[in-house]
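Have a look at model13.tsv; it's TSV, C-alpha atoms and all ligand atoms:
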```tsv
chain	number	residue	atom	x	y	z
A	833	MET	CA	-1.78	-10.64	-43.09
A	834	THR	CA	-2.29	-7.31	-41.33
A	835	LYS	CA	-5.20	-5.15	-42.47
A	836	LEU	CA	-4.74	-1.43	-43.04
A	837	SER	CA	-7.60	0.66	-41.71
A	838	VAL	CA	-7.23	4.30	-42.73
A	839	ASN	CA	-8.22	6.85	-40.11
A	840	ILE	CA	-9.88	9.77	-41.90
A	841	ASN	CA	-10.17	12.17	-38.94
A	842	LYS	CA	-7.64	14.53	-40.54
A	843	ILE	CA	-9.73	14.81	-43.72
A	844	ALA	CA	-12.62	16.04	-41.57
A	845	THR	CA	-10.27	18.47	-39.79
A	846	LEU	CA	-9.30	19.99	-43.14
A	847	ARG	CA	-12.92	20.13	-44.32
A	848	ASN	CA	-14.09	21.80	-41.11
A	849	SER	CA	-11.36	24.46	-41.30
A	850	ARG	CA	-13.27	26.17	-44.17
A	851	GLY	CA	-16.81	25.27	-43.18
A	852	GLY	CA	-17.62	23.77	-46.61
A	853	ASP	CA	-17.39	20.27	-48.02
A	854	THR	CA	-13.83	20.18	-49.40
A	855	PRO	CA	-12.32	17.67	-49.13
A	856	ASN	CA	-15.41	15.50	-49.26
A	857	LEU	CA	-15.14	12.91	-46.50
A	858	LEU	CA	-17.35	10.33	-48.20
A	859	LYS	CA	-15.39	10.55	-51.46
A	860	VAL	CA	-12.13	10.13	-49.58
A	861	ALA	CA	-13.50	7.06	-47.79
A	862	ALA	CA	-14.69	5.59	-51.10
A	863	ASP	CA	-11.35	6.35	-52.80
A	864	VAL	CA	-9.29	4.89	-49.94
A	865	GLN	CA	-11.19	1.64	-50.37
A	866	ASP	CA	-10.84	1.76	-54.19
A	867	PHE	CA	-7.09	2.18	-53.70
A	868	GLY	CA	-7.01	-1.00	-51.60
A	869	GLY	CA	-7.51	0.28	-48.06
A	870	GLU	CA	-9.01	-2.56	-46.04
A	871	GLY	CA	-10.89	-0.49	-43.52
A	872	ILE	CA	-11.99	2.98	-42.50
A	873	THR	CA	-11.48	4.24	-38.97
A	874	ILE	CA	-13.07	7.30	-37.44
A	875	HIS	CA	-12.78	8.70	-33.94
A	876	PRO	CA	-15.67	11.08	-33.35
A	877	ARG	CA	-14.92	13.29	-30.36
A	878	PRO	CA	-17.65	14.91	-28.23
A	879	ASP	CA	-16.75	18.41	-29.50
A	880	GLU	CA	-17.03	17.15	-33.14
A	881	ARG	CA	-13.90	19.09	-34.04
A	882	HIS	CA	-13.18	16.68	-36.86
A	883	ILE	CA	-15.55	13.76	-37.43
A	884	ARG	CA	-19.14	14.83	-36.76
A	885	TYR	CA	-21.66	12.36	-35.45
A	886	GLN	CA	-23.59	12.82	-38.72
A	887	ASP	CA	-20.43	11.80	-40.65
A	888	ALA	CA	-20.45	8.50	-38.78
A	889	TYR	CA	-24.00	7.82	-40.02
A	890	ASN	CA	-23.24	8.98	-43.58
A	891	LEU	CA	-20.20	6.72	-43.83
A	892	LYS	CA	-22.24	3.62	-43.03
A	893	SER	CA	-23.41	3.17	-46.63
A	894	ILE	CA	-19.98	4.04	-48.10
A	895	VAL	CA	-17.78	1.75	-46.04
A	896	HIS	CA	-17.93	-1.72	-47.55
A	897	THR	CA	-14.66	-2.84	-45.96
A	898	GLU	CA	-14.17	-2.84	-42.17
A	899	TYR	CA	-15.80	0.07	-40.41
A	900	ASN	CA	-14.06	0.85	-37.11
A	901	ILE	CA	-15.42	3.53	-34.79
A	902	GLU	CA	-13.18	4.61	-31.92
A	903	GLY	CA	-14.03	6.64	-28.87
A	904	ASN	CA	-14.76	6.98	-25.20
A	905	PRO	CA	-17.98	5.06	-24.45
A	906	ILE	CA	-19.97	7.94	-23.02
A	907	PRO	CA	-23.77	7.45	-23.45
A	908	LYS	CA	-23.89	9.55	-26.66
A	909	PHE	CA	-21.12	7.42	-28.21
A	910	ILE	CA	-22.77	4.14	-27.21
A	911	GLU	CA	-26.02	5.33	-28.77
A	912	LEU	CA	-24.23	6.32	-32.01
A	913	VAL	CA	-22.34	3.05	-32.34
A	914	THR	CA	-25.28	0.79	-31.55
A	915	ALA	CA	-27.39	2.68	-34.11
A	916	ILE	CA	-24.75	2.32	-36.83
A	917	VAL	CA	-23.51	-1.22	-36.06
A	918	PRO	CA	-19.99	-0.90	-37.51
A	919	THR	CA	-17.70	-3.91	-37.89
A	920	GLN	CA	-15.74	-2.92	-34.80
A	921	VAL	CA	-15.85	-0.48	-31.93
A	922	THR	CA	-12.58	0.49	-30.25
A	923	LEU	CA	-12.91	1.85	-26.75
A	924	VAL	CA	-10.48	4.65	-25.89
A	925	PRO	CA	-10.36	6.37	-22.47
A	926	ASP	CA	-10.00	9.92	-23.80
A	927	SER	CA	-10.53	12.85	-21.53
A	928	ILE	CA	-12.92	15.39	-23.01
A	929	ASP	CA	-10.14	17.93	-23.67
A	930	ALA	CA	-7.52	15.51	-25.03
A	931	ILE	CA	-5.73	16.86	-28.13
A	932	THR	CA	-5.35	13.26	-29.22
A	933	SER	CA	-5.49	9.89	-27.48
A	934	ASN	CA	-2.77	9.78	-24.86
A	935	ALA	CA	-3.34	6.67	-22.72
A	936	GLY	CA	-4.74	3.18	-22.75
A	937	TRP	CA	-7.35	1.77	-20.39
A	938	ASP	CA	-6.65	0.54	-16.91
A	939	THR	CA	-8.56	-2.68	-17.58
A	940	ILE	CA	-8.29	-3.78	-13.97
A	941	LYS	CA	-9.76	-0.67	-12.33
A	942	ASN	CA	-12.41	-0.32	-15.04
A	943	LYS	CA	-13.25	-4.01	-15.34
A	944	SER	CA	-16.92	-3.83	-14.45
A	945	PHE	CA	-17.61	-0.70	-16.56
A	946	LEU	CA	-15.79	-2.14	-19.58
A	947	SER	CA	-17.44	-5.56	-19.21
A	948	GLU	CA	-20.87	-3.94	-19.18
A	949	VAL	CA	-20.22	-1.73	-22.21
A	950	ILE	CA	-18.57	-4.56	-24.14
A	951	SER	CA	-21.44	-6.93	-23.56
A	952	GLU	CA	-23.87	-4.28	-24.81
A	953	PHE	CA	-21.87	-3.85	-28.04
A	954	LYS	CA	-21.52	-7.60	-28.47
A	955	ARG	CA	-25.27	-8.03	-27.97
A	956	ASN	CA	-25.63	-5.72	-30.96
A	957	GLY	CA	-23.27	-7.85	-33.07
A	958	ILE	CA	-20.33	-5.42	-32.97
A	959	ARG	CA	-16.76	-6.66	-32.54
A	960	THR	CA	-15.07	-4.98	-29.60
A	961	SER	CA	-11.51	-3.81	-29.07
A	962	ILE	CA	-9.89	-1.98	-26.15
A	963	PHE	CA	-7.07	0.55	-26.51
A	964	VAL	CA	-4.27	-0.48	-24.13
A	965	ASP	CA	-0.67	0.15	-23.22
A	966	PRO	CA	1.68	-2.82	-23.69
A	967	VAL	CA	1.51	-4.05	-20.09
A	968	LYS	CA	0.87	-7.73	-19.42
A	969	SER	CA	-1.47	-7.29	-16.43
A	970	ILE	CA	-3.54	-4.88	-18.54
A	971	ILE	CA	-3.79	-7.46	-21.35
A	972	GLU	CA	-4.94	-10.07	-18.81
A	973	GLY	CA	-7.47	-7.52	-17.55
A	974	ALA	CA	-8.68	-6.98	-21.12
A	975	LYS	CA	-9.39	-10.68	-21.42
A	976	GLU	CA	-11.52	-10.49	-18.25
A	977	THR	CA	-13.73	-7.79	-19.78
A	978	GLY	CA	-14.77	-10.07	-22.65
A	979	ALA	CA	-13.21	-7.88	-25.36
A	980	ASP	CA	-12.58	-9.58	-28.70
A	981	ARG	CA	-9.41	-7.63	-29.38
A	982	ILE	CA	-6.93	-5.19	-27.94
A	983	GLU	CA	-5.51	-2.22	-29.79
A	984	LEU	CA	-1.91	-1.68	-28.67
A	985	TYR	CA	-1.26	2.04	-28.16
A	986	THR	CA	1.88	2.63	-30.21
A	987	GLU	CA	2.78	6.26	-29.44
A	988	ASP	CA	5.66	5.19	-27.19
A	989	PHE	CA	6.90	2.69	-29.77
A	990	ALA	CA	6.85	5.36	-32.51
A	991	SER	CA	8.72	7.98	-30.52
A	992	GLU	CA	11.36	5.56	-29.15
A	993	TYR	CA	11.89	3.88	-32.53
A	994	ALA	CA	12.46	7.30	-34.10
A	995	LYS	CA	15.29	7.81	-31.57
A	996	GLY	CA	16.87	4.50	-32.57
A	997	ASN	CA	15.58	2.43	-29.64
A	998	ASP	CA	14.51	-0.76	-31.46
A	999	GLU	CA	14.24	-2.67	-28.18
A	1000	ILE	CA	11.02	-0.81	-27.42
A	1001	VAL	CA	9.15	-3.23	-29.67
A	1002	ARG	CA	9.82	-6.08	-27.25
A	1003	SER	CA	7.06	-5.16	-24.77
A	1004	TYR	CA	4.59	-4.95	-27.68
A	1005	ALA	CA	5.70	-8.34	-29.01
A	1006	GLU	CA	5.39	-9.96	-25.58
A	1007	CYS	CA	1.93	-8.49	-25.03
A	1008	ALA	CA	0.83	-9.64	-28.48
A	1009	GLU	CA	2.05	-13.18	-27.66
A	1010	LEU	CA	0.15	-13.09	-24.38
A	1011	ALA	CA	-3.01	-11.87	-26.13
A	1012	LEU	CA	-2.72	-14.70	-28.65
A	1013	ASP	CA	-2.34	-17.22	-25.80
A	1014	LEU	CA	-5.43	-15.76	-24.14
A	1015	GLY	CA	-7.40	-15.92	-27.39
A	1016	ILE	CA	-7.69	-12.16	-27.96
A	1017	GLY	CA	-6.99	-10.56	-31.36
A	1018	VAL	CA	-4.32	-7.87	-31.69
A	1019	ASN	CA	-4.69	-4.49	-33.41
A	1020	ALA	CA	-2.37	-1.51	-33.07
A	1021	GLY	CA	-2.40	2.20	-33.71
A	1022	HIS	CA	-1.21	5.72	-33.00
A	1023	ASP	CA	1.68	7.43	-34.74
A	1024	LEU	CA	2.39	4.46	-36.98
A	1025	SER	CA	3.93	5.61	-40.25
A	1026	LEU	CA	5.82	4.61	-43.38
A	1027	GLU	CA	9.01	4.90	-41.27
A	1028	ASN	CA	8.07	2.46	-38.55
A	1029	ILE	CA	5.24	0.21	-39.77
A	1030	LYS	CA	7.35	-2.54	-41.35
A	1031	PHE	CA	9.57	-2.94	-38.31
A	1032	PHE	CA	6.52	-3.07	-36.03
A	1033	LYS	CA	4.70	-5.60	-38.20
A	1034	ASP	CA	7.80	-7.81	-38.57
A	1035	ASN	CA	8.30	-7.95	-34.81
A	1036	VAL	CA	4.79	-8.18	-33.39
A	1037	PRO	CA	3.18	-11.59	-33.91
A	1038	GLY	CA	-0.40	-12.04	-35.03
A	1039	LEU	CA	-1.05	-8.38	-35.83
A	1040	LEU	CA	-4.56	-8.35	-37.33
A	1041	GLU	CA	-5.08	-4.67	-38.09
A	1042	VAL	CA	-3.41	-1.28	-37.86
A	1043	SER	CA	-5.31	1.99	-37.98
A	1044	ILE	CA	-3.25	4.88	-39.32
A	1045	GLY	CA	-4.30	8.48	-39.84
A	1046	HIS	CA	-2.04	11.37	-38.90
A	1047	ALA	CA	1.11	10.11	-40.64
A	1048	LEU	CA	-0.72	8.58	-43.59
A	1049	ILE	CA	-2.52	11.81	-44.45
A	1050	SER	CA	0.67	13.87	-43.89
A	1051	GLU	CA	2.64	11.49	-46.11
A	1052	SER	CA	-0.07	11.73	-48.76
A	1053	LEU	CA	0.41	15.51	-48.78
A	1054	TYR	CA	4.17	15.29	-49.09
A	1055	LEU	CA	4.10	12.58	-51.72
A	1056	GLY	CA	1.44	14.38	-53.75
A	1057	LEU	CA	2.81	17.92	-53.46
A	1058	GLU	CA	5.24	17.88	-56.39
A	1059	ASN	CA	2.61	16.49	-58.72
A	1060	VAL	CA	0.00	19.09	-57.75
A	1061	VAL	CA	2.39	22.06	-57.86
A	1062	ASN	CA	3.35	20.99	-61.38
A	1063	MET	CA	-0.29	20.61	-62.41
A	1064	TYR	CA	-0.88	24.24	-61.34
A	1065	LEU	CA	2.24	25.41	-63.16
A	1066	ARG	CA	1.04	23.76	-66.37
A	1067	LYS	CA	-2.33	25.56	-66.06
A	1068	LEU	CA	-0.58	28.90	-65.55
A	1069	LYS	CA	1.67	28.66	-68.62
B	1101	LIG	C1	-7.01	5.86	-30.64
B	1101	LIG	C2	-6.02	6.55	-31.46
B	1101	LIG	O1	-4.84	6.47	-31.24
B	1101	LIG	C3	-6.46	7.37	-32.60
B	1101	LIG	O2	-7.80	7.24	-32.86
B	1101	LIG	C4	-6.16	8.79	-32.38
B	1101	LIG	O3	-6.57	9.12	-31.12
B	1101	LIG	C5	-6.78	9.67	-33.44
B	1101	LIG	O4	-7.53	10.69	-32.90
B	1101	LIG	P1	-7.27	12.20	-33.37
B	1101	LIG	O5	-7.30	12.19	-34.87
B	1101	LIG	O6	-8.37	12.98	-32.75
B	1101	LIG	O7	-5.89	12.56	-32.88
B	1102	LIG	N1	-6.26	3.95	-33.62
B	1102	LIG	C1	-5.23	4.76	-34.12
B	1102	LIG	C2	-5.72	5.55	-35.26
B	1102	LIG	O1	-6.85	5.41	-35.69
B	1102	LIG	C3	-4.84	6.50	-35.94
B	1102	LIG	O2	-3.93	7.12	-35.09
B	1102	LIG	P1	-2.91	8.15	-35.80
B	1102	LIG	O3	-2.26	7.41	-36.96
B	1102	LIG	O4	-3.73	9.31	-36.31
B	1102	LIG	O5	-1.91	8.51	-34.73
```
This entry written out as structure tokens:
Amino acid sequence: MTKLSVNINKIATLRNSRGGDTPNLLKVAADVQDFGGEGITIHPRPDERHIRYQDAYNLKSIVHTEYNIEGNPIPKFIELVTAIVPTQVTLVPDSIDAITSNAGWDTIKNKSFLSEVISEFKRNGIRTSIFVDPVKSIIEGAKETGADRIELYTEDFASEYAKGNDEIVRSYAECAELALDLGIGVNAGHDLSLENIKFFKDNVPGLLEVSIGHALISESLYLGLENVVNMYLRKLK
């Protein structure tokens, strides 16, 4: 059974574009869970261009499923996460100006930094996950840091699969098998979608959780558009 954690960054992007409170982030988080979503993921960035740090606090009382906070563990982020105590923290090595996450950790080079940060989160009772590329030495390095889980960075999978290269899933499957052998849980995320999620899930063993945002919110727009256009037309008759 793979849990679906819905990333609501894009809802905050839309809200911030007008400066008001539409769409309401807390209502969306509550509705996602009412509709069966098994987790809420947010990725507050230092510039707060979508999720604001205050949103992360406000969501604490709304999220009754799994609350996953992703981000680069700069001091401000560590302080936020340890104050909130979500179910899981996912460490992502984003540069400050990244448009979106574009790389996994080098768990070998950053072993002592990651080990230190991870033990701090674990001391606070927070499950830890590290965002990684599907490279075996990196998975072994993740084990050395003490992380509970890895999150496989699936951008490459998504773009290759869209071109018809199904073989791309093999490196993800092999890394998931290795993680299972090492006793680390496996999550995945980035550019997963209705097009590719079933193939990925069917081919990657032991997948515990996927976090999906960009495609899921875009698909919700497309799949809801006809209904809403018709609702407006009925009001204008
Ligand atoms: C780690 C990851 O892949 C996602 O959290 C992604 O980075 C979403 O962030 P944005 O919504 O800012 O693109
Ligand atoms: N961890 C991945 C995530 O939360 C969502 O990524 P995306 O679906 O917005 O690419």
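Proximity of A:Asn1019, A:Thr897, A:Thr854, A:Asn841 to A:Gly868, computed with all atoms listed in the file, is greatest for A:Thr897.
All residues, whether protein, DNA or RNA, that have an atom at most 8 Å from ligand LIG 1101 (chain B) (counting only C-alpha atoms and all ligand atoms) are Asn839, Ile840, Asn841, Lys842, Thr873, Ile874, His875, Pro876, Arg877, His882, Glu902, Gly903, Thr922, Val924, Ile931, Thr932, Ser933, Asn934, Phe963, Tyr985, Thr986, Glu987, Gly1021, His1022, Asp1023, Ser1043, Ile1044, Gly1045 and His1046 of chain A.
By all atoms listed in the file, and with residues fewer than 6 positions from A:Leu836 along its chain excluded, the set lying at most 12 Å from it is Val864, Gln865, Phe867, Gly868, Gly869, Glu870, Gly871, Ile872, Thr873, Thr897, Glu898, Tyr899, Asn900, Asn1019, Ala1020, Gly1021, Leu1024, Ser1025, Ile1029, Lys1033, Leu1039, Leu1040, Glu1041, Val1042, Ser1043, Ile1044, Gly1045 and Leu1048 of chain A.
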Hey, can you spit out that residue selection with C-alpha atoms as a short mmCIF file (atom, residue, chain, number, x, y, z; two decimals), keeping the file's coordinate frame?
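Once everything was written out, this is result-v8.cif:
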```
data_model
loop_
_atom_site.label_atom_id
_atom_site.label_comp_id
_atom_site.auth_asym_id
_atom_site.auth_seq_id
_atom_site.Cartn_x
_atom_site.Cartn_y
_atom_site.Cartn_z
CA VAL A 864 -9.29 4.89 -49.94
CA GLN A 865 -11.19 1.64 -50.37
CA PHE A 867 -7.09 2.18 -53.70
CA GLY A 868 -7.01 -1.00 -51.60
CA GLY A 869 -7.51 0.28 -48.06
CA GLU A 870 -9.01 -2.56 -46.04
CA GLY A 871 -10.89 -0.49 -43.52
CA ILE A 872 -11.99 2.98 -42.50
CA THR A 873 -11.48 4.24 -38.97
CA THR A 897 -14.66 -2.84 -45.96
CA GLU A 898 -14.17 -2.84 -42.17
CA TYR A 899 -15.80 0.07 -40.41
CA ASN A 900 -14.06 0.85 -37.11
CA ASN A 1019 -4.69 -4.49 -33.41
CA ALA A 1020 -2.37 -1.51 -33.07
CA GLY A 1021 -2.40 2.20 -33.71
CA LEU A 1024 2.39 4.46 -36.98
CA SER A 1025 3.93 5.61 -40.25
CA ILE A 1029 5.24 0.21 -39.77
CA LYS A 1033 4.70 -5.60 -38.20
CA LEU A 1039 -1.05 -8.38 -35.83
CA LEU A 1040 -4.56 -8.35 -37.33
CA GLU A 1041 -5.08 -4.67 -38.09
CA VAL A 1042 -3.41 -1.28 -37.86
CA SER A 1043 -5.31 1.99 -37.98
CA ILE A 1044 -3.25 4.88 -39.32
CA GLY A 1045 -4.30 8.48 -39.84
CA LEU A 1048 -0.72 8.58 -43.59
#
```
(message) Neighbouring residues of A:Val964 were defined as those with any atom within 8 Å, considering only C-alpha atoms; residues of the same chain fewer than 4 positions away were excluded. Please report them as number ranges by chain.
(response) A: 935-938, 970-971, 982-985
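The coordinates place atom CA of A:Lys975 at 6.9 Å from atom CA of A:Ile1016.
Nearest residue to A:Thr845 among A:Val1018, A:Ile1049, A:Leu1010, A:Ile906 is A:Ile1049, counting all atoms listed in the file.
Here atom CA of A:Pro855 is placed at a distance of 15.7 Å from atom CA of A:Leu1057.
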(message) Show me the residues close to (7.5, 7.1, -43.7) - anything with an atom within 8 Å, counting only C-alpha atoms - and format the list as JSON, numbers by chain.
(response) {"A": [1025, 1026, 1027, 1028, 1047, 1051]}
Would you export the selected residues with C-alpha atoms as a PDB file, keeping the file's coordinate frame, please?
```pdb
ATOM      1  CA  SER A1025       3.930   5.610 -40.250  1.00  0.00           C
ATOM      2  CA  LEU A1026       5.820   4.610 -43.380  1.00  0.00           C
ATOM      3  CA  GLU A1027       9.010   4.900 -41.270  1.00  0.00           C
ATOM      4  CA  ASN A1028       8.070   2.460 -38.550  1.00  0.00           C
ATOM      5  CA  ALA A1047       1.110  10.110 -40.640  1.00  0.00           C
ATOM      6  CA  GLU A1051       2.640  11.490 -46.110  1.00  0.00           C
TER       7      GLU A1051
END
```
Could you list as a PDB file with C-alpha atoms, keeping the file's coordinate frame every residue that has an atom within 10 Å of (4.6, -8.1, -26.3), using the file's coordinates and counting all atoms listed in the file?
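That gives us selection-v3.pdb:
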```
ATOM      1  CA  PRO A 966       1.680  -2.820 -23.690  1.00  0.00           C
ATOM      2  CA  VAL A 967       1.510  -4.050 -20.090  1.00  0.00           C
ATOM      3  CA  LYS A 968       0.870  -7.730 -19.420  1.00  0.00           C
ATOM      4  CA  ILE A 971      -3.790  -7.460 -21.350  1.00  0.00           C
ATOM      5  CA  LEU A 984      -1.910  -1.680 -28.670  1.00  0.00           C
ATOM      6  CA  ILE A1000      11.020  -0.810 -27.420  1.00  0.00           C
ATOM      7  CA  VAL A1001       9.150  -3.230 -29.670  1.00  0.00           C
ATOM      8  CA  ARG A1002       9.820  -6.080 -27.250  1.00  0.00           C
ATOM      9  CA  SER A1003       7.060  -5.160 -24.770  1.00  0.00           C
ATOM     10  CA  TYR A1004       4.590  -4.950 -27.680  1.00  0.00           C
ATOM     11  CA  ALA A1005       5.700  -8.340 -29.010  1.00  0.00           C
ATOM     12  CA  GLU A1006       5.390  -9.960 -25.580  1.00  0.00           C
ATOM     13  CA  CYS A1007       1.930  -8.490 -25.030  1.00  0.00           C
ATOM     14  CA  ALA A1008       0.830  -9.640 -28.480  1.00  0.00           C
ATOM     15  CA  GLU A1009       2.050 -13.180 -27.660  1.00  0.00           C
ATOM     16  CA  LEU A1010       0.150 -13.090 -24.380  1.00  0.00           C
ATOM     17  CA  ALA A1011      -3.010 -11.870 -26.130  1.00  0.00           C
ATOM     18  CA  ASN A1035       8.300  -7.950 -34.810  1.00  0.00           C
ATOM     19  CA  VAL A1036       4.790  -8.180 -33.390  1.00  0.00           C
ATOM     20  CA  PRO A1037       3.180 -11.590 -33.910  1.00  0.00           C
TER      21      PRO A1037
END
```
(request) Would you list the contacts of A:Gly973 as JSON, numbers by chain, taking every protein, DNA or RNA residue within 6 Å and counting all atoms listed in the file, but skipping same-chain residues closer than 3 positions in sequence? (result) {"A": [939, 940, 970, 976]}
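Of the listed residues (A:Leu1068, A:Leu1012, A:Ala990, A:Ala862), A:Ala990 comes nearest to ligand LIG 1102 (chain B); the distances count all atoms listed in the file.
Distances here use all atoms listed in the file; by that measure, the residue among A:Leu923, A:Pro905, A:Val895, A:Asn848 closest to ligand LIG 1102 (chain B) is A:Leu923.
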Exercise: A:Val917 partners within 12 Å, only C-alpha atoms, chain neighbours under 5 positions left out, as a JSON list (two decimals) with C-alpha atoms, in the coordinates of the input:
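So selection_12.json came out as:
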```
[["chain", "number", "residue", "atom", "x", "y", "z"],
["A", 888, "ALA", "CA", -20.45, 8.50, -38.78],
["A", 889, "TYR", "CA", -24.00, 7.82, -40.02],
["A", 891, "LEU", "CA", -20.20, 6.72, -43.83],
["A", 892, "LYS", "CA", -22.24, 3.62, -43.03],
["A", 893, "SER", "CA", -23.41, 3.17, -46.63],
["A", 895, "VAL", "CA", -17.78, 1.75, -46.04],
["A", 898, "GLU", "CA", -14.17, -2.84, -42.17],
["A", 899, "TYR", "CA", -15.80, 0.07, -40.41],
["A", 900, "ASN", "CA", -14.06, 0.85, -37.11],
["A", 901, "ILE", "CA", -15.42, 3.53, -34.79],
["A", 909, "PHE", "CA", -21.12, 7.42, -28.21],
["A", 910, "ILE", "CA", -22.77, 4.14, -27.21],
["A", 911, "GLU", "CA", -26.02, 5.33, -28.77],
["A", 912, "LEU", "CA", -24.23, 6.32, -32.01],
["A", 952, "GLU", "CA", -23.87, -4.28, -24.81],
["A", 953, "PHE", "CA", -21.87, -3.85, -28.04],
["A", 954, "LYS", "CA", -21.52, -7.60, -28.47],
["A", 955, "ARG", "CA", -25.27, -8.03, -27.97],
["A", 956, "ASN", "CA", -25.63, -5.72, -30.96],
["A", 957, "GLY", "CA", -23.27, -7.85, -33.07],
["A", 958, "ILE", "CA", -20.33, -5.42, -32.97],
["A", 959, "ARG", "CA", -16.76, -6.66, -32.54],
["A", 960, "THR", "CA", -15.07, -4.98, -29.60]]
```
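Across A:Asn1059, A:Ser961, A:Thr914, A:Ser951, the tightest approach to ligand LIG 1102 (chain B) is made by A:Ser961 when counting all atoms listed in the file.
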Box for ligand LIG 1102 (chain B): with edges along x, y and z, all listed atoms inside and 5 Å added on each side, what are the centre and edge lengths in Å to one decimal, as JSON?
```
{"center_x": -4.4, "center_y": 6.6, "center_z": -35.3, "size_x": 14.9, "size_y": 15.4, "size_z": 13.3}
```
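The two atoms in question, atom CA of A:Met833 and atom O1 of ligand LIG 1102 (chain B), are spaced 18.4 Å apart.
Between ligand LIG 1102 (chain B) and the residues A:Asn1062, A:Gln920, A:Lys995, A:Lys941, the shortest atom-to-atom distance, using all atoms listed in the file, involves A:Gln920.
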